[in-house]
Each structure stands twice: as structure tokens, then as C-alpha cells.
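Here the structure comes first, spelled out in C-alpha cells, and everything after it is commentary.
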Amino acid sequence: MSAERVDESAPAAATQRPVRSLYAGNARSVMFRGWRATRSTNWLVMLSGFFEPIFYLLSMGIGLGALVGTVTTTSGEEVPYAAFIAPALLAVAAMNGAIYDSTWNVFFKMQFAKLYEGMLATSLGPLDVALGEILLALLRGALYAIGFMFVMQVLGLNLSWWALLALPAVLLIAFGFASVGMAITSYMKTFQQMDWINFVMLPMFLFSATFYPLSVYPQYIQWVIQALPLWHGVELVRGLTTGDVGPIMLVHVLYYLVMIAIGLAFTTKRLRALFLD
Amino acid sequence: MPAPVIVATDLVKRYGEFAAVDGISFEVAPGESFGLLGPNGAGKSTTMRMVGAVSTRTGGDLSILGLDPDRHGPEIRSQLGVVPQSDNLDTELRVRENLLVYGRYFGLPGKLVAQRADELLAFAQLEEKAAAKVESLSGGMKRRLTIARALINDPRLLLLDEPTTGLDPQARHILWDRLFRLKEQGTTLLLTTHYMDEAEQLCDRIVVVDEGSIMAEGTPAELIRRYSSREVLEVRFGSDRNAEAAERLAGLGDRTEVLPDRILIYSADGEAELERVIDAGLHPITSLVRRSSLEDVFLRLTGRSLIE
């Protein structure tokens with residue numbers, strides 16, 4: 001059955017429908033399901049996600065940092081190399097956790113396990129499913145972030161009390177990536193298409209001023225990087241953990257709020273078109 | 001007369017130019033067991049999805065439990081039990097967990113769900129499998145678990161889409177027994193099937209559906225009486241001689257039906273027809289006299305077999 005044809009009639013129908021048919025206020029039951037499933041099957045994957053950024057921090061921050069010395073941040077402050085990349089790795093960990101949960105995990109549940117078909121045959125609405133899955137990804141992101149920040153504290157890489165705010169910032173980043181990730185995944189039909197996500201994620205991870213300041217690039221490349229979501233996340237978290245706080249951060253926050261809104265809107269619309277045609 | 005559970009009037013579902021359901025009407029009374037009988041692609045599953053309030057109709061009227069699914073989807077779904085055509089059990093959860101989690105989707109309190117889960121495991125004869133992984137269950141067990149899951153919210157209407165397709169005969173009989181119990185308890189059932197024996201066993205009333213339209217409606221016995229004879233004689237001559245034999249048998253019984261591999265002769269007395277076949281000098285390789293079934297009704301109405 002062609003999903004495209006179904007799509008055409010969706011917007012008109014959606015405007016007539018009350019929000020009630022999209023949302024039953026029961027996203028927690030979807031989270032409950034995720035918690036039970038994680039308990040019995042997925043905990044090993046979770047553990048590896050926790051250690052990955054810590055290994056990066058130790059090898060590059062401590063190892064490479066001995067050669068690099070200090071780095072200048074966007075606002076011109078000198079910080080040790082490890083303290084420069086640690087917040088970036090924190091933002092990347094949030095991104096990766098959120099993307100894994102909202103792309104591969106969601107893709108499998110949609111295409112093979114028919115999990116959402118079952119959920120949407122109950123009184124749940126598509127927004128319950130989207131929110132539940134995304135909040136679960138956030139919860140996992142929060143656990144990673146707390147662990148990683150603890151390691152940063154032990155290594156003396158949190159240079160300011162503002163670092164406490166890095167935790168909600170990381171959740172915001174994860175929320176943004178999870179909602180956009182789920183929206184994109186809902187349009188994917190094959191494994192080949194899913195590979196495109198990796199194709200975008202890896203360069204974004206390497207080039208978003210993660211391991212060196214943005215100033216090394218020529219101006220026009222800087223603009224490209226500044227348009228990408230990860231750069232905003234890295235700058236936000238780095239500003240907080242190094243204590244380099246300014247009004248520009250509100251722009252970063254706004255960027256993520258828009259991402260969340262767009263991602264949720266498309267995910268809900270798409271789940272409705274796919275399973276409640 | 002209590003209000004009907006389902007009222008469908010000129011129900012239409014189009015995908016672009018193609019009408020999957022092309023103006024069908026039926027009513028289902030509370031406690032009734034109602035069947036949609038038809039071949040694959042007849043529009044049965046599409047009808048089920050509209051009744052299940054997960055697919056929007058293109059035309060006509062539909063009332064489920066007195067509500068319009070276009071405007072009251074969640075309220076309707078909260079009172080339905082759905083057994084889809086292919087199992088969509090949660091394979092990341094254990095057997096009992098599947099019931100616990102599904103109950104939560106309806107917003108039911110954990111304690112109530114836990115109690116019902118245990119009752120339903122007993123009903124589905126899966127008590128010993130409570131902690132088992134879903135993948136380890138046999139096809140019949142998975143089906144029973146899916147039915148138990150569909151009952152977790154104590155639904156007023158249970159929808160079953162091809163409930164026994166792909167099961168071995170023994171598993172089918174166990175499942176029929178369970179469904180028959182539900183029927184006895186007064187649960188309203190709407191089921192689709194392309195098995196006539198299933199429709200005959202479980203349905204009080206059926207509609208025969210083909211190419212999105214209703215061909216006939218009635219109880220299984222009524223339909224057989226109306227559209228077929230009491231008995232059927234099946235004779236086989238081998239595929240080479242089938243056509244030639246058919247020519248010589250024309251005019252026997254009430255009517256004959258020529259299939260690629262055999263000839264069916266409809267008559268009140270099958271044995272008498274067989275004697276006439278032999279008197280005509282024909283010697284079938286095999287012959288069988290049986291009672292008419294819904295398969296014959298379908299053949300009569302559409303000129304095609306139910307299972308192709």
C-alpha cells in the first residue's frame with residue numbers, strides 16, 4: 001500500500017481532529033514498556049554507550065592534551081585541552097544516545113516488530129508513542145551525562161559552578177536530536193536509507209568544533225558548521241563547563257527548542273499517516 | 001432490541017483510484033458472532049481496520065459502540081480487543097509482561113492489569129509459559145497470547161483478523177475452543193476468515209465479501225440452502241480428460257461446476273448422481289459425496305474458489 005497516497009489526505013484530516021485523538025496523556029506507559037524491555041535485553045548496549053565518551057576523553061584529552069597544552073575558546077579564554085574537549089564529548093554522547101534510541105531502535109520497532117501498530121490499536125495516540133520513546137531516550141541520555149560529568153569532576157575539568165547547568169543543557173540537546181531523529185526515521189523504509197544517518201553523523205561529530213576551535217576554518221566553512229545542530233550543543237555545554245557564559249547561549253537554546261518542535265510535529269504526523277490512515 | 005455494536009452503511013475505503021471497500025453495509029448485534037468471509041484481497045482487513053478505528057473511511061457511515069470513529073477513535077479503541085492478521089507481540093518482553101504492558105497502554109492501573117493478566121494466562125492455557133520468551137512459543141501459543149492480550153481491557157467487541165491462518169489443525173481446534181468459550185460468555189466477535197469450516201464453527205451470521213462488495217448475507221445454514229444443494233458429488237478424471245468428461249456430464253444434478261482438477265455436481269442426492277455418471281460410461285479416478293459447504297456458496301456467487 002502506498003504510504004505517499006495516504007500522506008496527501010493526512011493534513012486536511014488532521015486539522016479537523018481534536019488533539020485528543022493524537023494524545024491520550026499516557027506517554028508513561030510507553031516509557032514503562034521501554035524500561036521493562038531494557039531490563040531484560042538491552043542493558044549491554046546501554047553500558048557501551050556509557051564508556052565510549054570516557055575512553056575518548058582519556059585517550060584524546062589526557063594523551064593528546066599533553067602535546068597540545070591549552071586551547072583558546074570562542075570568547076578568547078585559554079583552557080587546558082582536556083577541559084576544551086570534555087564538554088564537546090558530553091554533547092556528542094547526548095547526541096549519540098538520543099540518535100541511537102530514536103533511529104535504529106525506532107526503525108526496528110516500526111519495520112520489523114510492528115510494535116507501534118500494536119500500541120496504536122489501543123487508546124494511545126501517536127503523540128503518546130513519540131513522546132514516550134523520546135523521553136525514554138532522554139532518560140538514558142541523562143544517565144550517561146551524570147556519569148560523564150562525575151568523571152569530569154574527578155579529573156578537575158569542570159572549571160565553573162555553571163557546569164551544574166550543563167546537565168539540563170545536555171537533556172535539551174538529546175531531546176532535539178531524539179525528536180528529529182525519530183521524525184527522519186519514520187520516513188525511512190530500508191537499511192540502506194538508514195546508513196545515510198551515519199553518513200551525516202560522523203562528519204558532524206568530527207568537524208563541529210569538537211576537538212579544535214572553530215577559528216581554524218575559513219569563514220565560509222565556519223558558517224556551514226554554525227548551521228549544524230551539534231555546533232550549538234558543543235558551544236552551549238562548553239560555555240557552561242568552562243564558565244564562559246553569555247547571551248549568545250540563548251540562541252543555542254532556541255535552536256534546540258525549534259528542533260524539538262519540528263521533530264515532534266513531523267513524528268506525530270507521520271505516525272498518524274502510517275498507522276492511523 | 002439492544003442497540004447494535006456495529007452499524008456500517010455504504011462503507012467505502014479508497015486508495016487513490018482503487019476502492020478496497022466499495023460500499024458495504026452490515027449490522028452486528030451485542031453478543032453476536034459475525035464473520036466476513038472472502039478470499040485474500042476482498043477488503044476484509046481494510047473493513048476490520050476501519051471498524052478498529054485505525055483507518056479513516058473515505059465514504060459512507062460507520063458507528064462503533066454508538067460512536068463515530070472519525071471523532072472518537074481513542075474512546076472506541078479503549079473498548080475494543082484487536083487480534084491482527086500477523087502477530088505483533090512484543091518480542092523484547094516476556095509472555096506475562098506482554099499482558100502487563102499492553103494493559104498499561106489503556107491507562108489501566110497496574111494492580112488490576114496484574115490480576116487480569118493471571119486470569120487471561122489461565123484462559124489462554126499459557127500459565128506455565130508466563131516467564132518464557134515470546135520467540136520460544138509455538139504458532140498456536142503466540143496466537144492464544146495475542147487473543148489474551150486483546151482481552152486485557154475487557155473489551156465490548158473483539159476483532160479477529162484471520163485468527164487461525166497458518167496454524168496446524170490441532171492448534172486451530174484449541175483456538176476455536178477458546179473463541180467458542182468467549183462467544184458463550186457473550187463477547188461480541190467480528191472475525192474475518194477465508195476458511196469456511198471456521199466460519200461455520202464460530203459465526204452466527206456471515207457476509208460473503210468479494211472485491212470490496214457484499215455478495216450475500218445470512219447464517220451459514222441459510223446461505224448453503226439458498227445458494228447450494230444439500231449434497232455435492234466431486235469426481236476426478238485426471239487433468240487430461242477433465243474437460244472432455246465435463247462436456248458429457250453437462251446437465252447432471254441441479255448444476256455442475258468445472259474446476260481445473262475436478263468436476264462438482266450439485267444435487268440433493270449425491271450417490272444417485274454418481275450412479276448416473278457411471279451409467280453414462282464414465283469412470284472417475286476418485287469420487288466423493290459430501291455435504292455442501294460455504295466454499296460451494298462462494299463458488300456459486302463469484303465463480304471462483306475461496307483459496308486459490
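Residues are referred to by chain and number: the chain letter is A, B, ... according to the order shown in the C-alpha cells, the number counts from 1 in that chain, and ligands are numbered separately from 1 in the order shown.
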
task = Could you list, as a PyMOL selection string, the residues of chain B having an atom within 8 Å of chain A when counting only C-alpha atoms?
result = chain B and resi 15-16+52-56+71-78+80+82+88-93+97+101-102+104-107

Based on the selection just made, write N, CA and C atoms of those residues as a PDB file, in the first residue's frame.
ATOM      1  N   TYR B  15      -8.013   3.874  -1.970  1.00  0.00           N
ATOM      2  CA  TYR B  15      -6.618   4.278  -2.005  1.00  0.00           C
ATOM      3  C   TYR B  15      -6.388   4.794  -3.424  1.00  0.00           C
ATOM      4  N   GLY B  16      -6.391   6.109  -3.587  1.00  0.00           N
ATOM      5  CA  GLY B  16      -6.312   6.680  -4.924  1.00  0.00           C
ATOM      6  C   GLY B  16      -7.556   6.280  -5.699  1.00  0.00           C
ATOM      7  N   GLY B  52     -11.849  -1.012  13.597  1.00  0.00           N
ATOM      8  CA  GLY B  52     -10.905  -0.874  14.703  1.00  0.00           C
ATOM      9  C   GLY B  52     -10.484   0.565  14.955  1.00  0.00           C
ATOM     10  N   ALA B  53     -11.050   1.503  14.203  1.00  0.00           N
ATOM     11  CA  ALA B  53     -10.764   2.938  14.358  1.00  0.00           C
ATOM     12  C   ALA B  53      -9.281   3.256  14.165  1.00  0.00           C
ATOM     13  N   VAL B  54      -8.607   2.538  13.275  1.00  0.00           N
ATOM     14  CA  VAL B  54      -7.240   2.891  12.915  1.00  0.00           C
ATOM     15  C   VAL B  54      -7.133   3.245  11.431  1.00  0.00           C
ATOM     16  N   SER B  55      -8.271   3.289  10.748  1.00  0.00           N
ATOM     17  CA  SER B  55      -8.268   3.681   9.347  1.00  0.00           C
ATOM     18  C   SER B  55      -9.510   4.527   9.102  1.00  0.00           C
ATOM     19  N   THR B  56      -9.316   5.657   8.422  1.00  0.00           N
ATOM     20  CA  THR B  56     -10.431   6.578   8.206  1.00  0.00           C
ATOM     21  C   THR B  56     -11.191   6.186   6.953  1.00  0.00           C
ATOM     22  N   ARG B  71     -14.355  10.752  14.934  1.00  0.00           N
ATOM     23  CA  ARG B  71     -14.247  11.750  16.008  1.00  0.00           C
ATOM     24  C   ARG B  71     -13.917  11.158  17.363  1.00  0.00           C
ATOM     25  N   HIS B  72     -14.161   9.850  17.539  1.00  0.00           N
ATOM     26  CA  HIS B  72     -13.975   9.253  18.864  1.00  0.00           C
ATOM     27  C   HIS B  72     -13.051   8.040  18.822  1.00  0.00           C
ATOM     28  N   GLY B  73     -12.008   8.099  17.961  1.00  0.00           N
ATOM     29  CA  GLY B  73     -11.088   6.972  17.813  1.00  0.00           C
ATOM     30  C   GLY B  73     -10.592   6.403  19.132  1.00  0.00           C
ATOM     31  N   PRO B  74      -9.977   7.235  19.994  1.00  0.00           N
ATOM     32  CA  PRO B  74      -9.431   6.698  21.250  1.00  0.00           C
ATOM     33  C   PRO B  74     -10.499   6.068  22.142  1.00  0.00           C
ATOM     34  N   GLU B  75     -11.694   6.700  22.249  1.00  0.00           N
ATOM     35  CA  GLU B  75     -12.754   6.136  23.103  1.00  0.00           C
ATOM     36  C   GLU B  75     -13.194   4.775  22.570  1.00  0.00           C
ATOM     37  N   ILE B  76     -13.286   4.665  21.245  1.00  0.00           N
ATOM     38  CA  ILE B  76     -13.689   3.392  20.655  1.00  0.00           C
ATOM     39  C   ILE B  76     -12.610   2.347  20.889  1.00  0.00           C
ATOM     40  N   ARG B  77     -11.355   2.720  20.583  1.00  0.00           N
ATOM     41  CA  ARG B  77     -10.267   1.743  20.717  1.00  0.00           C
ATOM     42  C   ARG B  77     -10.114   1.254  22.154  1.00  0.00           C
ATOM     43  N   SER B  78     -10.472   2.100  23.128  1.00  0.00           N
ATOM     44  CA  SER B  78     -10.328   1.681  24.518  1.00  0.00           C
ATOM     45  C   SER B  78     -11.309   0.573  24.866  1.00  0.00           C
ATOM     46  N   LEU B  80     -12.181  -1.859  22.537  1.00  0.00           N
ATOM     47  CA  LEU B  80     -12.016  -2.932  21.555  1.00  0.00           C
ATOM     48  C   LEU B  80     -10.871  -3.856  21.948  1.00  0.00           C
ATOM     49  N   VAL B  82      -8.196  -6.259  19.770  1.00  0.00           N
ATOM     50  CA  VAL B  82      -7.810  -6.457  18.376  1.00  0.00           C
ATOM     51  C   VAL B  82      -6.797  -7.590  18.252  1.00  0.00           C
ATOM     52  N   ASN B  88       1.763  -9.339  16.360  1.00  0.00           N
ATOM     53  CA  ASN B  88       2.671  -8.232  16.649  1.00  0.00           C
ATOM     54  C   ASN B  88       2.945  -8.171  18.144  1.00  0.00           C
ATOM     55  N   LEU B  89       3.230  -9.348  18.713  1.00  0.00           N
ATOM     56  CA  LEU B  89       3.592  -9.409  20.132  1.00  0.00           C
ATOM     57  C   LEU B  89       4.923  -8.697  20.330  1.00  0.00           C
ATOM     58  N   ASP B  90       5.156  -8.244  21.551  1.00  0.00           N
ATOM     59  CA  ASP B  90       6.382  -7.514  21.872  1.00  0.00           C
ATOM     60  C   ASP B  90       7.470  -8.533  22.222  1.00  0.00           C
ATOM     61  N   THR B  91       8.374  -8.776  21.263  1.00  0.00           N
ATOM     62  CA  THR B  91       9.363  -9.856  21.452  1.00  0.00           C
ATOM     63  C   THR B  91      10.466  -9.463  22.428  1.00  0.00           C
ATOM     64  N   GLU B  92      10.531  -8.194  22.794  1.00  0.00           N
ATOM     65  CA  GLU B  92      11.537  -7.798  23.786  1.00  0.00           C
ATOM     66  C   GLU B  92      11.033  -8.019  25.218  1.00  0.00           C
ATOM     67  N   LEU B  93       9.767  -8.441  25.325  1.00  0.00           N
ATOM     68  CA  LEU B  93       9.182  -8.689  26.641  1.00  0.00           C
ATOM     69  C   LEU B  93       8.820 -10.156  26.783  1.00  0.00           C
ATOM     70  N   GLU B  97       4.694 -10.255  30.750  1.00  0.00           N
ATOM     71  CA  GLU B  97       4.971  -8.827  30.591  1.00  0.00           C
ATOM     72  C   GLU B  97       4.202  -8.227  29.419  1.00  0.00           C
ATOM     73  N   VAL B 101       2.183  -4.846  30.081  1.00  0.00           N
ATOM     74  CA  VAL B 101       2.486  -3.612  29.362  1.00  0.00           C
ATOM     75  C   VAL B 101       1.299  -3.177  28.507  1.00  0.00           C
ATOM     76  N   TYR B 102       0.650  -4.138  27.851  1.00  0.00           N
ATOM     77  CA  TYR B 102      -0.479  -3.791  26.981  1.00  0.00           C
ATOM     78  C   TYR B 102      -1.617  -3.168  27.789  1.00  0.00           C
ATOM     79  N   ARG B 104      -1.277  -1.389  30.383  1.00  0.00           N
ATOM     80  CA  ARG B 104      -0.888  -0.011  30.696  1.00  0.00           C
ATOM     81  C   ARG B 104      -1.182   0.939  29.548  1.00  0.00           C
ATOM     82  N   TYR B 105      -1.083   0.437  28.299  1.00  0.00           N
ATOM     83  CA  TYR B 105      -1.374   1.294  27.145  1.00  0.00           C
ATOM     84  C   TYR B 105      -2.809   1.826  27.219  1.00  0.00           C
ATOM     85  N   PHE B 106      -3.687   1.057  27.867  1.00  0.00           N
ATOM     86  CA  PHE B 106      -5.073   1.506  28.008  1.00  0.00           C
ATOM     87  C   PHE B 106      -5.246   2.415  29.226  1.00  0.00           C
ATOM     88  N   GLY B 107      -4.137   2.681  29.921  1.00  0.00           N
ATOM     89  CA  GLY B 107      -4.201   3.525  31.099  1.00  0.00           C
ATOM     90  C   GLY B 107      -4.819   2.835  32.302  1.00  0.00           C
TER      91      GLY B 107
END

ask   = Which polymer residues have any atom within 7 Å of an atom of Gly140 (chain B), counting only C-alpha atoms, with same-chain residues fewer than 4 positions away left out, as a ChimeraX atom specification?
value = /B:144,167,171

Give me a file of those residues, with C-alpha atoms, as a short mmCIF file (atom, residue, chain, number, x, y, z; two decimals), in the first residue's frame.
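Final output, part.cif:
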data_model
loop_
_atom_site.label_atom_id
_atom_site.label_comp_id
_atom_site.auth_asym_id
_atom_site.auth_seq_id
_atom_site.Cartn_x
_atom_site.Cartn_y
_atom_site.Cartn_z
CA ARG B 144 -3.53 -17.51 22.10
CA LEU B 167 -1.87 -22.88 12.26
CA ALA B 171 -3.72 -25.67 17.20
#

task = List the neighbours of Pro229 (chain A) out to 10 Å using only C-alpha atoms; skip same-chain residues closer than 6 positions along the sequence, and give me the result as a list in words.
result =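 Neighbouring residues, sequence-local ones excluded: Met95, Ile173, Gly176, Phe177, Met204, Ser208, His252, Tyr255, Tyr256 and Met259 of chain A.
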
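Of note, CA of Met152 (chain A) and CA of Leu89 (chain A) are spaced 10.7 Å apart.
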
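Shortest separation to Ile221 (chain A) among A:Phe207, A:Val234, A:Leu67, A:Arg140 occurs at residue A:Phe207, atoms counted being only C-alpha atoms.
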
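One distance worth recording is that between CA of Val68 (chain A) and CA of Leu236 (chain A), which is 22.9 Å.
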
task = For CA of Leu100 (chain B) and CA of Leu159 (chain B), determine how far apart the two atoms are, in Å to one decimal place.
result = 20.3 Å
